[in-house]
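Undergrad: query.cif is reproduced in full below (mmCIF, C-alpha atoms).
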```cif
data_target
#
loop_
_atom_site.label_atom_id
_atom_site.label_comp_id
_atom_site.auth_asym_id
_atom_site.auth_seq_id
_atom_site.Cartn_x
_atom_site.Cartn_y
_atom_site.Cartn_z
CA MET A 1 -153.90 -59.04 82.51
CA VAL A 2 -150.29 -59.37 83.60
CA SER A 3 -149.85 -58.73 87.31
CA ASN A 4 -147.18 -56.43 88.68
CA GLU A 5 -145.38 -59.42 90.19
CA GLN A 6 -145.39 -61.29 86.85
CA ARG A 7 -144.06 -58.19 85.10
CA ARG A 8 -141.35 -57.77 87.73
CA ARG A 9 -140.23 -61.36 87.32
CA GLN A 10 -140.23 -61.02 83.53
CA LEU A 11 -138.03 -57.92 83.67
CA ALA A 12 -135.69 -59.60 86.14
CA ARG A 13 -135.48 -62.68 83.93
CA GLU A 14 -134.68 -60.59 80.86
CA LYS A 15 -131.94 -58.80 82.81
CA PHE A 16 -130.51 -62.15 83.93
CA GLU A 17 -130.53 -63.45 80.34
CA ARG A 18 -128.71 -60.33 79.11
CA GLN A 19 -126.08 -60.76 81.82
CA GLN A 20 -125.61 -64.42 80.90
CA GLN A 21 -125.25 -63.52 77.24
CA ARG A 22 -122.64 -60.85 78.01
CA ARG A 23 -120.66 -63.29 80.16
CA GLU A 24 -120.79 -65.94 77.44
CA GLU A 25 -119.67 -63.45 74.80
CA MET A 26 -116.71 -62.44 76.96
CA ARG A 27 -115.76 -66.11 77.45
CA ARG A 28 -116.07 -66.75 73.72
CA LYS A 29 -113.86 -63.79 72.87
CA ALA A 30 -111.25 -64.99 75.36
CA ARG A 31 -111.29 -68.50 73.89
CA ARG A 32 -110.91 -67.14 70.36
CA ARG A 33 -108.08 -64.84 71.41
CA ASN A 34 -106.19 -67.63 73.17
CA ALA A 35 -106.63 -70.00 70.25
CA VAL A 36 -105.38 -67.41 67.79
CA ILE A 37 -102.35 -66.55 69.91
CA ALA A 38 -101.48 -70.22 70.25
CA ALA A 39 -101.64 -70.67 66.49
CA GLY A 40 -99.63 -67.51 65.79
CA LEU A 41 -102.43 -66.09 63.65
CA ALA A 42 -104.11 -62.72 63.46
CA VAL A 43 -107.05 -62.22 65.76
CA VAL A 44 -110.41 -62.82 64.11
CA ILE A 45 -113.53 -61.74 65.89
CA ALA A 46 -116.26 -64.07 64.65
CA ALA A 47 -119.84 -62.94 64.36
CA GLY A 48 -122.79 -64.94 65.57
CA ALA A 49 -125.34 -64.99 68.34
CA THR A 50 -124.50 -66.79 71.54
CA ALA A 51 -126.19 -70.01 72.46
CA TYR A 52 -129.04 -68.82 74.60
CA ALA A 53 -127.76 -68.79 78.14
CA SER A 54 -131.27 -68.40 79.50
CA GLY A 55 -131.73 -72.10 78.79
CA ALA A 56 -134.94 -71.96 76.75
CA LEU A 57 -135.57 -75.47 75.47
CA GLY A 58 -137.84 -75.53 72.44
CA GLY A 59 -139.76 -78.60 71.49
CA GLY A 60 -143.01 -79.76 69.95
CA ASP A 61 -144.83 -79.47 66.68
CA ASP A 62 -145.14 -75.72 66.94
CA GLY A 63 -141.69 -75.21 68.45
CA LYS A 64 -138.92 -73.22 66.84
CA GLU A 65 -135.69 -75.01 66.20
CA THR A 66 -132.79 -73.57 68.15
CA SER A 67 -129.36 -73.91 66.58
CA ALA A 68 -125.85 -73.51 67.90
CA ASP A 69 -123.72 -70.51 67.02
CA ALA A 70 -123.53 -69.73 63.32
CA THR A 71 -120.21 -70.56 61.69
CA PRO A 72 -118.43 -67.45 60.35
CA SER A 73 -117.79 -67.67 56.61
CA ASP A 74 -114.09 -66.91 57.02
CA LEU A 75 -113.43 -69.85 59.34
CA PRO A 76 -113.25 -73.56 58.48
CA THR A 77 -116.47 -75.55 58.69
CA PRO A 78 -116.61 -77.36 62.05
CA THR A 79 -115.81 -81.04 61.80
CA LYS A 80 -117.25 -83.89 63.80
CA GLY A 81 -114.99 -85.20 66.55
CA PRO A 82 -114.39 -88.79 67.64
CA ASP A 83 -117.56 -90.83 68.06
CA PRO A 84 -117.56 -93.09 71.14
CA CYS A 85 -120.86 -94.79 70.28
CA ALA A 86 -121.97 -97.74 68.18
CA LYS A 87 -123.82 -97.68 64.88
CA PRO A 88 -127.62 -97.36 65.11
CA ALA A 89 -129.81 -100.41 64.70
CA PRO A 90 -131.55 -100.70 61.31
CA GLY A 91 -134.78 -98.73 61.09
CA SER A 92 -136.24 -95.26 60.66
CA PRO A 93 -138.10 -92.91 63.01
CA ALA A 94 -141.89 -93.04 63.04
CA THR A 95 -143.89 -90.58 61.00
CA LYS A 96 -147.34 -91.19 62.50
CA THR A 97 -148.88 -88.45 64.65
CA TRP A 98 -152.11 -88.12 66.64
CA LYS A 99 -154.60 -85.29 66.97
CA SER A 100 -155.13 -85.60 70.72
CA GLU A 101 -153.34 -87.04 73.71
CA PRO A 102 -154.05 -90.69 74.52
CA GLU A 103 -156.69 -91.73 77.03
CA MET A 104 -155.40 -92.16 80.56
CA SER A 105 -154.25 -95.74 81.07
CA VAL A 106 -151.47 -95.53 83.66
CA ASP A 107 -151.85 -96.16 87.37
CA LYS A 108 -151.49 -92.71 88.94
CA SER A 109 -150.35 -94.21 92.24
CA ALA A 110 -147.44 -96.08 90.67
CA SER A 111 -143.96 -95.40 89.34
CA TYR A 112 -143.01 -96.31 85.80
CA ALA A 113 -139.63 -97.15 84.36
CA MET A 114 -138.62 -95.92 80.90
CA ASN A 115 -135.67 -97.76 79.41
CA LEU A 116 -133.83 -96.18 76.49
CA LYS A 117 -131.48 -98.54 74.70
CA THR A 118 -129.20 -96.14 72.85
CA THR A 119 -126.17 -96.49 70.63
CA CYS A 120 -124.11 -95.11 73.53
CA GLY A 121 -125.53 -97.36 76.25
CA THR A 122 -128.67 -97.77 78.31
CA ILE A 123 -130.41 -94.80 79.93
CA ASP A 124 -132.81 -95.86 82.68
CA ILE A 125 -135.40 -93.38 83.88
CA THR A 126 -137.85 -93.61 86.78
CA MET A 127 -141.07 -91.65 86.22
CA ASP A 128 -143.66 -90.71 88.87
CA ALA A 129 -147.21 -90.96 87.54
CA ALA A 130 -148.62 -89.26 90.64
CA LYS A 131 -146.69 -86.07 89.94
CA ALA A 132 -146.91 -85.99 86.12
CA PRO A 133 -149.75 -88.36 85.15
CA HIS A 134 -150.45 -86.98 81.67
CA THR A 135 -146.78 -86.87 80.71
CA VAL A 136 -146.08 -90.39 81.99
CA ASN A 137 -149.23 -91.64 80.26
CA SER A 138 -148.06 -90.04 77.02
CA PHE A 139 -144.68 -91.78 77.16
CA ASN A 140 -146.35 -95.08 78.02
CA PHE A 141 -148.43 -94.69 74.85
CA LEU A 142 -145.60 -93.42 72.62
CA ALA A 143 -143.21 -96.17 73.67
CA ALA A 144 -145.84 -98.81 72.91
CA GLN A 145 -146.27 -97.24 69.46
CA GLY A 146 -142.50 -97.32 68.79
CA PHE A 147 -142.56 -93.54 68.41
CA LEU A 148 -139.17 -92.99 70.07
CA ASP A 149 -137.40 -95.88 68.33
CA HIS A 150 -134.60 -94.88 65.93
CA THR A 151 -134.79 -91.21 66.98
CA LYS A 152 -131.69 -89.07 67.49
CA CYS A 153 -130.84 -87.10 70.57
CA HIS A 154 -130.32 -84.00 68.47
CA ARG A 155 -128.96 -81.40 70.86
CA LEU A 156 -126.25 -81.20 73.51
CA THR A 157 -125.45 -78.11 75.54
CA GLY A 158 -122.39 -77.56 77.68
CA ALA A 159 -121.82 -75.42 80.76
CA GLU A 160 -120.61 -72.60 78.49
CA ALA A 161 -124.17 -72.34 77.14
CA GLY A 162 -125.50 -71.81 80.67
CA ILE A 163 -127.16 -75.23 80.96
CA SER A 164 -125.90 -78.81 80.66
CA VAL A 165 -128.46 -81.06 78.99
CA LEU A 166 -128.98 -83.62 76.24
CA GLN A 167 -132.25 -83.19 74.34
CA CYS A 168 -134.06 -86.15 72.75
CA GLY A 169 -137.53 -87.28 71.69
CA ASP A 170 -137.88 -85.65 68.26
CA PRO A 171 -138.48 -88.06 65.35
CA LYS A 172 -137.41 -85.31 62.94
CA GLY A 173 -134.12 -84.75 64.73
CA THR A 174 -134.40 -81.00 64.24
CA GLY A 175 -136.09 -79.74 67.40
CA GLN A 176 -139.36 -79.20 65.53
CA GLY A 177 -140.96 -82.63 65.71
CA GLY A 178 -143.56 -84.06 68.03
CA PRO A 179 -146.45 -86.50 68.38
CA GLY A 180 -149.07 -84.15 66.91
CA TYR A 181 -150.70 -83.36 70.27
CA THR A 182 -149.46 -81.22 73.15
CA LEU A 183 -149.82 -81.48 76.91
CA ALA A 184 -150.21 -79.01 79.74
CA GLU A 185 -147.10 -78.64 81.89
CA GLU A 186 -147.13 -80.58 85.17
CA ASN A 187 -145.24 -80.82 88.45
CA LEU A 188 -143.70 -77.35 88.14
CA LYS A 189 -143.39 -77.01 91.92
CA ASP A 190 -141.48 -80.26 92.30
CA PRO A 191 -139.39 -79.97 95.51
CA ALA A 192 -136.46 -81.46 93.59
CA LEU A 193 -136.09 -78.07 91.84
CA LYS A 194 -133.55 -76.11 93.86
CA GLU A 195 -133.04 -72.42 94.54
CA PRO A 196 -130.07 -70.94 92.63
CA SER A 197 -127.14 -69.46 94.53
CA ASP A 198 -126.78 -66.65 91.97
CA PRO A 199 -128.84 -63.72 93.34
CA GLU A 200 -129.69 -62.48 89.84
CA ALA A 201 -130.93 -65.92 88.81
CA LYS A 202 -132.96 -66.11 91.98
CA LYS A 203 -134.41 -62.65 91.38
CA ALA A 204 -135.38 -63.72 87.86
CA GLY A 205 -137.35 -66.64 89.26
CA MET A 206 -134.97 -69.32 87.97
CA LYS A 207 -134.72 -72.75 89.53
CA ILE A 208 -131.92 -75.31 89.41
CA TYR A 209 -132.87 -78.44 87.50
CA PRO A 210 -130.45 -80.83 89.21
CA ALA A 211 -128.12 -83.32 87.57
CA GLY A 212 -129.96 -86.60 87.01
CA MET A 213 -133.34 -85.01 86.35
CA VAL A 214 -135.39 -85.62 83.20
CA ALA A 215 -137.73 -82.81 82.15
CA MET A 216 -139.86 -81.94 79.16
CA ALA A 217 -138.92 -79.45 76.45
CA LYS A 218 -141.51 -76.93 75.28
CA THR A 219 -141.94 -73.62 73.53
CA GLN A 220 -142.46 -70.38 75.43
CA ALA A 221 -146.23 -70.84 75.13
CA PRO A 222 -148.14 -72.71 77.84
CA HIS A 223 -149.57 -76.15 77.08
CA SER A 224 -146.82 -76.84 74.54
CA THR A 225 -145.19 -79.98 75.97
CA GLY A 226 -144.86 -82.72 73.36
CA SER A 227 -142.50 -85.69 73.11
CA GLN A 228 -139.17 -83.90 73.42
CA PHE A 229 -137.36 -84.19 76.73
CA PHE A 230 -133.99 -83.27 78.14
CA LEU A 231 -131.58 -85.17 80.37
CA VAL A 232 -129.68 -82.98 82.84
CA TYR A 233 -126.06 -84.04 83.41
CA LYS A 234 -125.01 -81.03 85.51
CA ASP A 235 -127.10 -78.66 87.63
CA SER A 236 -128.75 -76.19 85.23
CA PRO A 237 -130.55 -72.87 85.93
CA LEU A 238 -133.84 -72.63 84.05
CA PRO A 239 -137.21 -70.94 84.37
CA PRO A 240 -139.47 -73.40 86.23
CA ASP A 241 -141.63 -73.89 83.13
CA TYR A 242 -140.50 -77.39 82.13
CA THR A 243 -142.29 -80.48 83.47
CA PRO A 244 -139.99 -82.49 85.77
CA LEU A 245 -140.67 -86.04 84.59
CA GLY A 246 -138.33 -88.28 86.56
CA THR A 247 -134.79 -89.24 87.46
CA ILE A 248 -131.97 -91.03 85.66
CA GLY A 249 -130.44 -94.14 87.20
CA ALA A 250 -126.75 -94.72 87.88
CA GLU A 251 -126.21 -96.65 84.64
CA GLY A 252 -127.99 -93.93 82.68
CA MET A 253 -125.78 -91.24 84.20
CA LYS A 254 -122.68 -93.14 83.05
CA THR A 255 -124.07 -93.22 79.52
CA LEU A 256 -125.01 -89.55 79.67
CA LYS A 257 -121.53 -88.62 80.89
CA LYS A 258 -119.95 -90.47 77.97
CA ILE A 259 -122.13 -88.51 75.54
CA ALA A 260 -121.43 -85.18 77.27
CA ASP A 261 -117.68 -85.84 77.48
CA ALA A 262 -117.55 -86.33 73.69
CA GLY A 263 -118.70 -82.72 73.29
CA VAL A 264 -120.61 -80.81 70.65
CA GLN A 265 -119.89 -81.04 66.95
CA GLY A 266 -117.47 -78.27 65.98
CA GLY A 267 -116.54 -77.62 69.60
CA GLY A 268 -119.32 -75.11 70.22
CA PRO A 269 -121.37 -74.79 73.41
CA ASP A 270 -124.67 -75.92 71.88
CA GLY A 271 -125.49 -78.18 68.94
CA PRO A 272 -125.57 -81.79 67.76
CA PRO A 273 -123.50 -84.09 69.97
CA ASN A 274 -120.29 -85.61 68.63
CA ALA A 275 -121.54 -88.94 69.93
CA THR A 276 -124.08 -90.41 67.51
CA THR A 277 -126.82 -90.81 70.10
CA VAL A 278 -129.77 -92.75 68.70
CA ILE A 279 -132.50 -94.41 70.73
CA ASP A 280 -132.63 -97.88 69.19
CA LYS A 281 -135.53 -98.97 71.40
CA ALA A 282 -137.64 -97.30 74.11
CA THR A 283 -139.84 -99.23 76.53
CA VAL A 284 -142.03 -98.19 79.45
CA ALA A 285 -143.21 -100.56 82.19
CA LYS A 286 -144.82 -100.25 85.58
CA SER A 287 -142.18 -100.59 88.28
#
```
For the structure just supplied, provide its representation as structure tokens.
TA:
Amino acid sequence: MVSNEQRRRQLAREKFERQQQRREEMRRKARRRNAVIAAGLAVVIAAGATAYASGALGGGDDGKETSADATPSDLPTPTKGPDPCAKPAPGSPATKTWKSEPEMSVDKSASYAMNLKTTCGTIDITMDAAKAPHTVNSFNFLAAQGFLDHTKCHRLTGAEAGISVLQCGDPKGTGQGGPGYTLAEENLKDPALKEPSDPEAKKAGMKIYPAGMVAMAKTQAPHSTGSQFFLVYKDSPLPPDYTPLGTIGAEGMKTLKKIADAGVQGGGPDGPPNATTVIDKATVAKS
């Protein structure tokens, strides 16, 4: 049974999402109009759904891939912009999966450091096993198996999409891959999650995932966390449904900024990053 309070929050969230979508559509129309005027061309109103401003971040074996705006047939195909990153190391993503999550092997009283050596630079992440023991244990296992090696960070969103994140951890590079098992969400009341200033976002039960946080992607269903995670480079309003995993170090934020500054392929608000962001090697160690 859905309680009255749950129903109220759901209705408020849906209203907030509709408002965000309307705002994004107005911004998109303004950008198109300005671009057309500057080029001295006739105005073309392009069709296509907005990147979801609600910030839903799909991920996992049963997740649905979320794409950026569709390209109208009467406009040129978007081209890839300048790439600020190096070529990936030789190798291919893993294909092995597992039927169940690994046995607990991490020290729940300790912190763990995950180091991602990417084509764009190092991203250092501190993870708290006391707050998210199953998720940290999963990454400890997956890193040891080489599961994240040679995987692309397949999705970048900009502020125009409502959230500002880089999504990684999918060996398929499509948003549909995972380790074969799923985890329950953890640490959803992390005090690092902030209250939004937007009254509608607050009414809808949103929280601010702050810049520098790492959290887990999932589908809308509970217990659907897999291996996909997202790196927040600017404060982002989201439903508090995504496991806060840890924080990015100063060096990692520099790398993340370089990737974000390069933008999305085709100039859209949501899609593959222009920067070829591949995790050459991922390691996890007790810190």
Undergrad: Please report the interatomic distance between atom CA of A:Pro272 and atom CA of A:Cys120 in Å with one decimal.
TA: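 The value is 14.6 Å.
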Undergrad: Written as an MDAnalysis selection string, which residues does the PyMOL selection byres ((chain A and resi 170-186) around 9) give for the file shown?
TA: chainID A and resid 58:67 92:101 131:135 138 142 147:155 167:169 187:189 216 218 222:229 241:245
Undergrad: Take the point (-146.1, -94.8, 80.6) in the file's coordinates, draw a sphere of radius 10 Å around it, and report as an MDAnalysis selection string every protein, DNA or RNA residue with an atom inside or on it, counting only C-alpha atoms.
TA: chainID A and resid 104:107 111:114 127:129 133:144 283:286
Undergrad: Distance cut-off 7 Å, centre (-125.1, -86.9, 77.2) in file coordinates, counting all atoms listed in the file: which residues qualify? Return them as a ChimeraX atom specification.
TA: /A:156,165-166,233,255-260
Undergrad: Could you please determine the separation between atom CA of A:Ile279 and atom CA of A:Lys87 in Å, to one decimal place?
TA: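 Result for atom CA of A:Ile279 versus atom CA of A:Lys87: 11.0 Å, one decimal.
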Undergrad: What does the distance from atom CA of A:Ser164 to atom CA of A:Ser236 come to in Å, to one decimal?
TA: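 Between these atoms lies a distance of 6.0 Å.
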Undergrad: For the structure provided, state which residues fall under the PyMOL selection byres ((chain A and resi 263) around 10), and present them as a list in words.
TA: Lys80, Gly81, Pro82, Asp83, Leu156, Thr157, Gly158, Lys258, Ile259, Ala260, Asp261, Ala262, Val264, Gln265, Gly266, Gly267, Gly268, Pro269, Asp270, Gly271, Pro272, Pro273, Asn274 and Ala275 of chain A
Undergrad: Give, as JSON, the centre coordinates and the x, y and z edge lengths in Å to one decimal for an axis-aligned box around all listed atoms of stretch 251-264 of chain A, padded by 3 Å on each side.
TA:
```
{"center_x": -122.8, "center_y": -88.7, "center_z": 77.6, "size_x": 16.4, "size_y": 21.8, "size_z": 20.0}
```
Undergrad: Return the single residue from A:Ala211, A:Met253, A:Ala204, A:Leu231 that is closest to A:Leu11, with distances computed using only C-alpha atoms.
TA: A:Ala204
Undergrad: Looking at A:Gly162, A:Pro239, A:Pro191, A:Pro102, which one is nearest to A:Gln145, with distances taken over all atoms listed in the file?
TA: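 With all atoms listed in the file as the atom set, the closest residue is A:Pro102.
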Undergrad: Counting all atoms listed in the file, which residue out of A:Glu103, A:Asp190, A:Thr122, A:Gln10 sits closest to A:Gly246?
TA: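 Nearest candidate to A:Gly246 out of A:Glu103, A:Asp190, A:Thr122, A:Gln10: A:Asp190.
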